[in-house]
Amino acid sequence: QPQRPAKLSETKVQADGRLDLNRASLVELQQLPGIGPTVAQRIVDARERRGRFASPEDLMQVPGIGKKKFEAIRNLVTVRE
């Protein structure tokens, strides 16, 4: 069974900077709380299909990410130019 990536803590992310949704890898996305392999793949697929995320709120258009899950990761993600 593959080892799951460790989850990022909010303090670690703030020290390292937020995860850029337009550049994050599948493994990096899975480090977000509540984001497993399936939802991480959906985020990557959405990014490839639609292009860049304009804002973190665009994540809520990805199946499997509702308001509650988005609120849990809002402070851990960003979109950079």
# chains A, B, ... in the order shown; residues from 1 in each chain; ligands from 1
call {"tool": "select_by_dssp", "arguments": {"residues": "chain A", "states": "helix (DSSP H, G or I)", "output": "PyMOL selection string"}}
result
chain A and resi 10-16+26-30+37-50+56-61+67-76
call {"tool": "write_last_selection", "arguments": {"atoms": "N, CA and C atoms", "output": "CSV table (one decimal), in the first residue's frame"}}
result
chain,number,residue,atom,x,y,z
A,10,GLU,N,-1.1,24.1,9.2
A,10,GLU,CA,-1.3,25.5,8.9
A,10,GLU,C,0.0,26.3,9.2
A,11,THR,N,0.6,26.0,10.4
A,11,THR,CA,1.8,26.8,10.7
A,11,THR,C,2.9,26.5,9.8
A,12,LYS,N,3.1,25.2,9.3
A,12,LYS,CA,4.1,24.9,8.4
A,12,LYS,C,3.9,25.6,7.1
A,13,VAL,N,2.7,25.6,6.6
A,13,VAL,CA,2.4,26.3,5.3
A,13,VAL,C,2.7,27.8,5.4
A,14,GLN,N,2.3,28.4,6.5
A,14,GLN,CA,2.5,29.8,6.6
A,14,GLN,C,4.0,30.1,6.7
A,15,ALA,N,4.7,29.3,7.3
A,15,ALA,CA,6.2,29.5,7.3
A,15,ALA,C,6.8,29.3,5.9
A,16,ASP,N,6.3,28.3,5.2
A,16,ASP,CA,6.8,28.0,3.9
A,16,ASP,C,6.2,28.8,2.7
A,26,LEU,N,0.3,16.8,-7.9
A,26,LEU,CA,-0.7,15.9,-7.3
A,26,LEU,C,-0.3,15.6,-5.8
A,27,VAL,N,1.0,15.3,-5.6
A,27,VAL,CA,1.4,15.0,-4.2
A,27,VAL,C,1.3,16.2,-3.3
A,28,GLU,N,1.6,17.3,-3.8
A,28,GLU,CA,1.5,18.5,-2.9
A,28,GLU,C,0.0,18.8,-2.6
A,29,LEU,N,-0.9,18.7,-3.5
A,29,LEU,CA,-2.3,18.9,-3.3
A,29,LEU,C,-2.8,17.9,-2.2
A,30,GLN,N,-2.3,16.7,-2.2
A,30,GLN,CA,-2.8,15.7,-1.2
A,30,GLN,C,-2.3,16.0,0.2
A,37,PRO,N,-6.2,11.5,-2.9
A,37,PRO,CA,-5.8,11.3,-4.2
A,37,PRO,C,-6.8,11.6,-5.3
A,38,THR,N,-8.1,11.2,-5.0
A,38,THR,CA,-9.1,11.5,-6.0
A,38,THR,C,-9.4,12.9,-6.2
A,39,VAL,N,-9.6,13.7,-5.1
A,39,VAL,CA,-9.9,15.1,-5.2
A,39,VAL,C,-8.7,15.9,-5.8
A,40,ALA,N,-7.5,15.5,-5.4
A,40,ALA,CA,-6.3,16.1,-5.9
A,40,ALA,C,-6.2,15.9,-7.4
A,41,GLN,N,-6.6,14.7,-7.9
A,41,GLN,CA,-6.6,14.5,-9.4
A,41,GLN,C,-7.6,15.4,-10.1
A,42,ARG,N,-8.8,15.6,-9.4
A,42,ARG,CA,-9.8,16.4,-10.0
A,42,ARG,C,-9.4,17.9,-10.1
A,43,ILE,N,-8.6,18.3,-9.1
A,43,ILE,CA,-8.0,19.7,-9.1
A,43,ILE,C,-7.1,19.8,-10.3
A,44,VAL,N,-6.2,18.9,-10.5
A,44,VAL,CA,-5.3,18.9,-11.6
A,44,VAL,C,-6.0,18.8,-12.9
A,45,ASP,N,-7.0,18.0,-13.0
A,45,ASP,CA,-7.8,17.8,-14.2
A,45,ASP,C,-8.5,19.2,-14.6
A,46,ALA,N,-9.1,19.8,-13.5
A,46,ALA,CA,-9.8,21.0,-13.7
A,46,ALA,C,-8.9,22.1,-14.2
A,47,ARG,N,-7.7,22.1,-13.7
A,47,ARG,CA,-6.7,23.1,-14.1
A,47,ARG,C,-6.2,22.9,-15.5
A,48,GLU,N,-6.1,21.7,-15.9
A,48,GLU,CA,-5.7,21.4,-17.3
A,48,GLU,C,-6.8,21.7,-18.3
A,49,ARG,N,-8.1,21.4,-17.9
A,49,ARG,CA,-9.2,21.6,-18.7
A,49,ARG,C,-9.6,23.1,-18.9
A,50,ARG,N,-9.6,23.8,-17.8
A,50,ARG,CA,-10.1,25.2,-17.8
A,50,ARG,C,-9.0,26.2,-17.8
A,56,PRO,N,-8.5,31.4,-5.3
A,56,PRO,CA,-8.7,30.1,-4.5
A,56,PRO,C,-10.1,29.7,-4.5
A,57,GLU,N,-11.1,30.6,-4.5
A,57,GLU,CA,-12.5,30.2,-4.5
A,57,GLU,C,-12.9,29.4,-5.7
A,58,ASP,N,-12.2,29.5,-6.8
A,58,ASP,CA,-12.5,28.6,-7.9
A,58,ASP,C,-12.4,27.1,-7.6
A,59,LEU,N,-11.7,26.8,-6.5
A,59,LEU,CA,-11.6,25.4,-6.1
A,59,LEU,C,-13.0,24.8,-5.8
A,60,MET,N,-14.0,25.7,-5.4
A,60,MET,CA,-15.3,25.2,-5.1
A,60,MET,C,-16.1,24.7,-6.3
A,61,GLN,N,-15.5,24.9,-7.5
A,61,GLN,CA,-16.1,24.4,-8.7
A,61,GLN,C,-15.7,23.0,-9.0
A,67,LYS,N,-18.1,24.1,0.3
A,67,LYS,CA,-17.8,25.3,1.1
A,67,LYS,C,-17.0,24.9,2.4
A,68,LYS,N,-17.4,23.8,3.1
A,68,LYS,CA,-16.8,23.4,4.3
A,68,LYS,C,-15.3,23.0,4.1
A,69,LYS,N,-15.1,22.2,3.1
A,69,LYS,CA,-13.8,21.7,2.8
A,69,LYS,C,-12.9,22.9,2.3
A,70,PHE,N,-13.5,23.8,1.5
A,70,PHE,CA,-12.7,25.0,1.1
A,70,PHE,C,-12.3,25.8,2.2
A,71,GLU,N,-13.2,26.1,3.2
A,71,GLU,CA,-12.9,26.9,4.4
A,71,GLU,C,-11.8,26.3,5.2
A,72,ALA,N,-11.7,24.9,5.2
A,72,ALA,CA,-10.6,24.3,5.9
A,72,ALA,C,-9.2,24.5,5.3
A,73,ILE,N,-9.2,24.8,4.0
A,73,ILE,CA,-7.9,24.9,3.3
A,73,ILE,C,-7.6,26.3,2.8
A,74,ARG,N,-8.6,27.2,2.9
A,74,ARG,CA,-8.5,28.6,2.3
A,74,ARG,C,-7.2,29.3,2.7
A,75,ASN,N,-6.8,29.2,3.9
A,75,ASN,CA,-5.6,29.9,4.4
A,75,ASN,C,-4.3,29.2,4.0
A,76,LEU,N,-4.4,28.0,3.4
A,76,LEU,CA,-3.2,27.2,3.0
A,76,LEU,C,-2.9,27.3,1.5
call {"tool": "closest_residue", "arguments": {"among": "A:Asp20, A:Ile65, A:Arg52, A:Val79", "to": "Pro33 in chain A", "atoms": "only C-alpha atoms"}}
result
A:Ile65
